[in-house]
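Enquirer: To be precise about what I am sending: the file is called coords.txt and holds compact mmCIF, C-alpha atoms.
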```txt
# COMPACT_ATOMS: atom_id res chain seq x y z
CA MET A 254 118.18 72.49 27.51
CA GLU A 255 114.93 73.75 28.89
CA LEU A 256 114.05 71.87 32.05
CA LEU A 257 110.56 70.89 33.13
CA GLU A 258 109.89 72.55 36.46
CA GLN A 259 107.05 72.62 38.94
CA LYS A 260 105.85 75.66 40.87
CA THR A 261 105.47 74.95 44.58
CA MET A 262 104.22 77.08 47.44
CA VAL A 263 106.85 77.53 50.14
CA ALA A 264 106.01 78.84 53.58
CA SER A 265 108.36 80.64 55.91
CA PRO A 266 107.69 80.92 59.65
CA SER A 267 108.27 84.68 59.49
CA VAL A 268 106.03 85.30 56.46
CA PRO A 269 102.23 85.26 56.77
CA ASN A 270 100.35 82.81 54.56
CA SER A 271 98.96 85.70 52.51
CA GLN A 272 102.48 86.60 51.36
CA LEU A 273 103.62 83.14 50.22
CA GLY A 274 105.77 83.18 47.10
CA LEU A 275 106.27 80.72 44.25
CA VAL A 276 109.60 78.94 43.96
CA ASN A 277 110.89 76.76 41.11
CA GLU A 278 111.32 73.15 42.19
CA LYS A 279 112.80 70.63 39.76
CA LEU A 280 110.88 67.35 39.53
CA SER A 281 112.73 64.05 39.88
CA ALA A 282 113.43 61.97 36.76
CA TYR A 283 110.85 59.47 38.04
CA GLU A 284 108.16 62.18 38.35
CA VAL A 285 108.93 63.45 34.85
CA LEU A 286 108.48 59.97 33.37
CA GLN A 287 105.19 59.60 35.25
CA ARG A 288 103.97 62.81 33.56
CA TYR A 289 104.60 61.06 30.24
CA ASP A 290 102.49 58.06 31.40
CA PHE A 291 105.38 55.76 32.38
CA PRO A 292 105.81 54.03 35.74
CA MET A 293 108.78 55.07 37.85
CA GLY A 294 110.21 51.53 37.85
CA ILE A 295 111.49 51.72 34.29
CA LEU A 296 114.50 53.50 35.80
CA PRO A 297 116.60 51.92 38.55
CA LYS A 298 116.87 53.46 41.99
CA GLY A 299 119.64 56.03 42.23
CA VAL A 300 119.13 58.42 39.32
CA LYS A 301 121.08 61.44 40.56
CA ASP A 302 120.05 63.96 37.92
CA TYR A 303 118.40 64.37 34.54
CA GLU A 304 117.90 66.81 31.69
CA LEU A 305 114.74 67.27 29.64
CA ASN A 306 114.18 69.48 26.66
CA THR A 307 110.42 70.04 26.86
CA LYS A 308 110.27 71.21 23.23
CA THR A 309 112.01 68.21 21.60
CA GLY A 310 111.43 65.57 24.30
CA GLU A 311 115.16 64.79 24.51
CA PHE A 312 115.72 63.18 27.90
CA SER A 313 118.91 62.13 29.70
CA ALA A 314 119.10 60.44 33.12
CA TYR A 315 122.34 60.11 35.07
CA LEU A 316 123.43 57.32 37.42
CA ASN A 317 126.63 57.29 39.49
CA SER A 318 127.90 54.23 37.61
CA THR A 319 126.85 51.27 35.50
CA CYS A 320 123.90 49.45 37.04
CA SER A 321 123.15 45.77 36.48
CA PHE A 322 120.60 43.41 38.00
CA LYS A 323 118.44 40.40 37.27
CA LEU A 324 114.65 40.52 37.27
CA GLU A 325 112.41 37.58 38.15
CA ASN A 326 115.32 35.15 37.80
CA SER A 327 115.18 35.60 34.04
CA TYR A 328 116.15 38.92 32.48
CA GLN A 329 119.54 40.47 33.17
CA LEU A 330 119.43 44.25 32.62
CA ASN A 331 122.29 46.71 32.31
CA TYR A 332 122.04 50.50 32.55
CA LYS A 333 124.99 52.68 31.55
CA PRO A 334 125.75 55.78 33.66
CA VAL A 335 123.94 57.92 31.04
CA ILE A 336 120.55 56.86 29.67
CA LYS A 337 119.22 58.91 26.75
CA GLY A 338 116.11 58.96 24.63
CA VAL A 339 113.27 61.03 23.28
CA VAL A 340 110.15 60.96 25.44
CA SER A 341 106.58 61.72 24.47
CA LYS A 342 103.25 60.62 25.94
CA GLY A 343 103.49 56.82 26.29
CA LYS A 344 106.59 56.46 24.13
CA LEU A 345 110.37 56.46 24.71
CA ARG A 346 112.27 56.21 21.45
CA LYS A 347 115.88 56.48 20.30
CA LEU A 348 116.75 54.94 23.65
CA SER A 349 120.41 54.35 24.47
CA GLY A 350 122.17 53.16 27.61
CA VAL A 351 119.85 50.23 28.45
CA SER A 352 120.49 46.64 27.40
CA VAL A 353 119.08 43.20 28.16
CA LYS A 354 120.80 39.84 27.99
CA VAL A 355 119.02 37.49 25.58
CA LEU A 356 120.52 33.99 25.80
CA LEU A 357 124.25 34.81 25.72
CA VAL A 358 124.09 38.12 23.88
CA TRP A 359 123.49 41.66 25.16
CA VAL A 360 121.05 43.66 23.00
CA ASN A 361 120.08 47.31 23.31
CA ILE A 362 116.52 48.25 24.22
CA ILE A 363 115.78 51.00 21.71
CA GLU A 364 112.14 51.81 22.40
CA VAL A 365 109.52 51.49 25.13
CA ARG A 366 105.81 52.04 24.44
CA ARG A 367 102.90 52.07 26.79
CA ARG A 368 99.95 50.14 25.40
CA GLY A 369 97.13 50.26 27.94
CA ASP A 370 98.23 48.26 30.99
CA ASN A 371 101.33 46.91 29.21
CA LEU A 372 104.79 48.18 28.38
CA GLU A 373 106.30 47.00 25.12
CA PHE A 374 110.11 46.87 25.07
CA SER A 375 111.68 46.77 21.60
CA VAL A 376 115.21 45.67 20.71
CA GLY A 377 114.68 46.32 17.00
CA LEU A 378 113.31 43.27 15.22
CA ALA A 379 111.83 41.78 18.39
CA SER A 380 109.79 43.10 21.29
CA ALA A 381 108.30 41.83 24.53
CA ASN A 382 105.26 42.98 26.52
CA PHE A 383 105.07 43.20 30.32
CA LEU A 384 102.30 44.30 32.66
CA ILE A 385 102.82 47.86 33.85
CA GLU A 386 102.25 46.74 37.46
CA ASN A 387 105.67 45.03 37.26
CA PHE A 388 107.24 48.50 37.14
CA GLU A 389 105.62 50.16 40.15
CA GLU A 390 108.86 49.83 42.15
CA CYS A 391 112.31 50.94 41.07
CA PRO A 392 114.80 48.07 40.92
CA GLN A 393 118.05 48.47 42.82
CA CYS A 394 121.46 48.06 41.23
CA GLY A 395 122.95 44.67 42.06
CA CYS A 396 119.81 42.99 43.39
CA GLY A 397 116.86 44.27 41.33
CA LEU A 398 113.62 43.84 43.28
CA ASP A 399 115.00 41.01 45.44
CA CYS A 400 117.10 43.11 47.80
CA VAL A 401 117.71 41.86 51.33
CA ASP A 402 118.80 44.01 54.26
CA GLU A 403 121.39 42.98 56.89
CA ASP A 404 118.79 41.16 59.01
CA ASN A 405 117.91 39.01 55.99
CA ASN A 406 114.55 40.75 55.50
CA PHE A 407 113.31 41.81 52.10
CA VAL A 408 113.28 45.56 51.61
CA SER A 409 111.52 47.81 49.15
CA SER A 410 113.71 49.19 46.41
CA ILE A 411 112.06 52.63 46.37
```
Could you take the file, read its structure, and then write that structure out as structure tokens?

Expert:
Amino acid sequence: MELLEQKTMVASPSVPNSQLGLVNEKLSAYEVLQRYDFPMGILPKGVKDYELNTKTGEFSAYLNSTCSFKLENSYQLNYKPVIKGVVSKGKLRKLSGVSVKVLLVWVNIIEVRRRGDNLEFSVGLASANFLIENFEECPQCGCGLDCVDEDNNFVSSI
């Protein structure tokens, strides 16, 4: 797969600024999604790697293990170790590896669309809209956005 890469200037103490070279630096999965107009918080903290085919939009993100957490004391989310989909500007389709618990049943989230300041999550016949500002932070496996450190203080999940 062809990976999306960014060119970055790298300085060396022994090389004058006039002789700086370009080096390939791979973006994070979160940065890639932001380039497609998605907030970084649609993926949980801890994505260790990803693949992106820039021609087809096929995207895969890799976690160390299954990740589950509850958001806002209502929605229970589950991410498999491999999350796949096809990404384009403002749209993630053919999504696999992400599910939400609705009542007592787990259903797969199959598409996410950005509509202005909202994200629309589709499970097929039904969908739900949420303000994009709810996804500015990445949730953490196990505790979502309500993580507490050892001193019983809330910590950011980014």

Enquirer: From the set A:Glu284, A:Glu364, A:Glu278, A:Glu325, which residue has the shortest atom-to-atom contact distance to Asp399 of chain A, counting all atoms listed in the file?

Expert: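 Of A:Glu284, A:Glu364, A:Glu278, A:Glu325, the one nearest Asp399 of chain A, counting all atoms listed in the file, is A:Glu325.
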
Enquirer: What's the 7 Å shell around Leu348 of chain A, counting all atoms listed in the file, without same-chain residues fewer than 4 positions away, as a PyMOL selection string?

Expert: chain A and resi 337-338+362-364

Enquirer: In terms of the shortest atom-to-atom distance over only C-alpha atoms, which of A:Val360, A:Leu316, A:Cys391, A:Ala282 is closest to Gly377 of chain A?

Expert: A:Val360

Enquirer: Point out the residue among A:Gly395, A:Val376, A:Lys279, A:Glu390 with the least atom-to-atom distance to Met293 of chain A, counting all atoms listed in the file.

Expert: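 Using all atoms listed in the file, the shortest distance to Met293 of chain A belongs to A:Glu390.
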
Enquirer: Between atom CA of Lys323 of chain A and atom CA of Cys394 of chain A, measure the distance and give it in Å to one decimal.

Expert: 9.1 Å

Enquirer: Using only C-alpha atoms, which residue out of A:Trp359, A:Tyr303, A:Phe388, A:Phe383 lies closest to Val335 of chain A?

Expert: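 Ranked by minimum distance to Val335 of chain A, first place goes to A:Tyr303.
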
Enquirer: If we count all atoms listed in the file and set the cut-off at 12 Å, which residues sit around Lys298 of chain A, ignoring sequence neighbours fewer than 3 positions away in its own chain? Please answer as number ranges by chain.

Expert: A: 281-283, 293-295, 301-302, 314-318, 320-322, 332, 388-398, 400, 409-411

Enquirer: May I have the residues from that selection written out with C-alpha atoms, as a PDB file, in the frame of the given file?

Expert:
```pdb
ATOM      1  CA  SER A 281     112.730  64.050  39.880  1.00  0.00           C
ATOM      2  CA  ALA A 282     113.430  61.970  36.760  1.00  0.00           C
ATOM      3  CA  TYR A 283     110.850  59.470  38.040  1.00  0.00           C
ATOM      4  CA  MET A 293     108.780  55.070  37.850  1.00  0.00           C
ATOM      5  CA  GLY A 294     110.210  51.530  37.850  1.00  0.00           C
ATOM      6  CA  ILE A 295     111.490  51.720  34.290  1.00  0.00           C
ATOM      7  CA  LYS A 301     121.080  61.440  40.560  1.00  0.00           C
ATOM      8  CA  ASP A 302     120.050  63.960  37.920  1.00  0.00           C
ATOM      9  CA  ALA A 314     119.100  60.440  33.120  1.00  0.00           C
ATOM     10  CA  TYR A 315     122.340  60.110  35.070  1.00  0.00           C
ATOM     11  CA  LEU A 316     123.430  57.320  37.420  1.00  0.00           C
ATOM     12  CA  ASN A 317     126.630  57.290  39.490  1.00  0.00           C
ATOM     13  CA  SER A 318     127.900  54.230  37.610  1.00  0.00           C
ATOM     14  CA  CYS A 320     123.900  49.450  37.040  1.00  0.00           C
ATOM     15  CA  SER A 321     123.150  45.770  36.480  1.00  0.00           C
ATOM     16  CA  PHE A 322     120.600  43.410  38.000  1.00  0.00           C
ATOM     17  CA  TYR A 332     122.040  50.500  32.550  1.00  0.00           C
ATOM     18  CA  PHE A 388     107.240  48.500  37.140  1.00  0.00           C
ATOM     19  CA  GLU A 389     105.620  50.160  40.150  1.00  0.00           C
ATOM     20  CA  GLU A 390     108.860  49.830  42.150  1.00  0.00           C
ATOM     21  CA  CYS A 391     112.310  50.940  41.070  1.00  0.00           C
ATOM     22  CA  PRO A 392     114.800  48.070  40.920  1.00  0.00           C
ATOM     23  CA  GLN A 393     118.050  48.470  42.820  1.00  0.00           C
ATOM     24  CA  CYS A 394     121.460  48.060  41.230  1.00  0.00           C
ATOM     25  CA  GLY A 395     122.950  44.670  42.060  1.00  0.00           C
ATOM     26  CA  CYS A 396     119.810  42.990  43.390  1.00  0.00           C
ATOM     27  CA  GLY A 397     116.860  44.270  41.330  1.00  0.00           C
ATOM     28  CA  LEU A 398     113.620  43.840  43.280  1.00  0.00           C
ATOM     29  CA  CYS A 400     117.100  43.110  47.800  1.00  0.00           C
ATOM     30  CA  SER A 409     111.520  47.810  49.150  1.00  0.00           C
ATOM     31  CA  SER A 410     113.710  49.190  46.410  1.00  0.00           C
ATOM     32  CA  ILE A 411     112.060  52.630  46.370  1.00  0.00           C
TER      33      ILE A 411
END
```

Enquirer: Nearest residue to Pro334 of chain A out of A:Asn382, A:Leu286, A:Thr307, A:Gly299, using all atoms listed in the file?

Expert: A:Gly299

Enquirer: Calculate how many Å separate atom CA of Leu356 of chain A from atom CA of Ser375 of chain A, rounding to one decimal.

Expert: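 According to the coordinates, atom CA of Leu356 of chain A and atom CA of Ser375 of chain A are separated by 16.1 Å.
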
Enquirer: Report, in Å with one decimal, the straight-line distance from atom CA of Val300 of chain A to atom CA of Leu378 of chain A.

Expert: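 Interatomic distance here is 29.1 Å.
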
Enquirer: Of the candidates A:Gly369, A:Pro292, A:Pro297, A:Gly343, which one gets nearest to Thr319 of chain A if we count only C-alpha atoms?

Expert: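 Among A:Gly369, A:Pro292, A:Pro297, A:Gly343, it is A:Pro297 that comes nearest to Thr319 of chain A.
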
Enquirer: Take the point (108.7, 61.7, 23.4) as written in the file and pick out every residue within 10 Å of it, counting all atoms listed in the file; give the list as a VMD selection string.

Expert: chain A and resid 289 307 to 312 338 to 347

Enquirer: For Ile336 of chain A, find every residue with an atom within 6 Å (counting only C-alpha atoms), except residues of its own chain fewer than 2 positions away, and show them as a list in words.

Expert: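 Residues meeting the cut-off are Ser313, Ala314, Ser349 and Gly350 of chain A.
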
Enquirer: Got a sec: who's within 6 Å of Ile385 of chain A, counting only C-alpha atoms, leaving out chain neighbours fewer than 2 positions off, as an NGL selection string?

Expert: :A and (370-372 or 387-388)
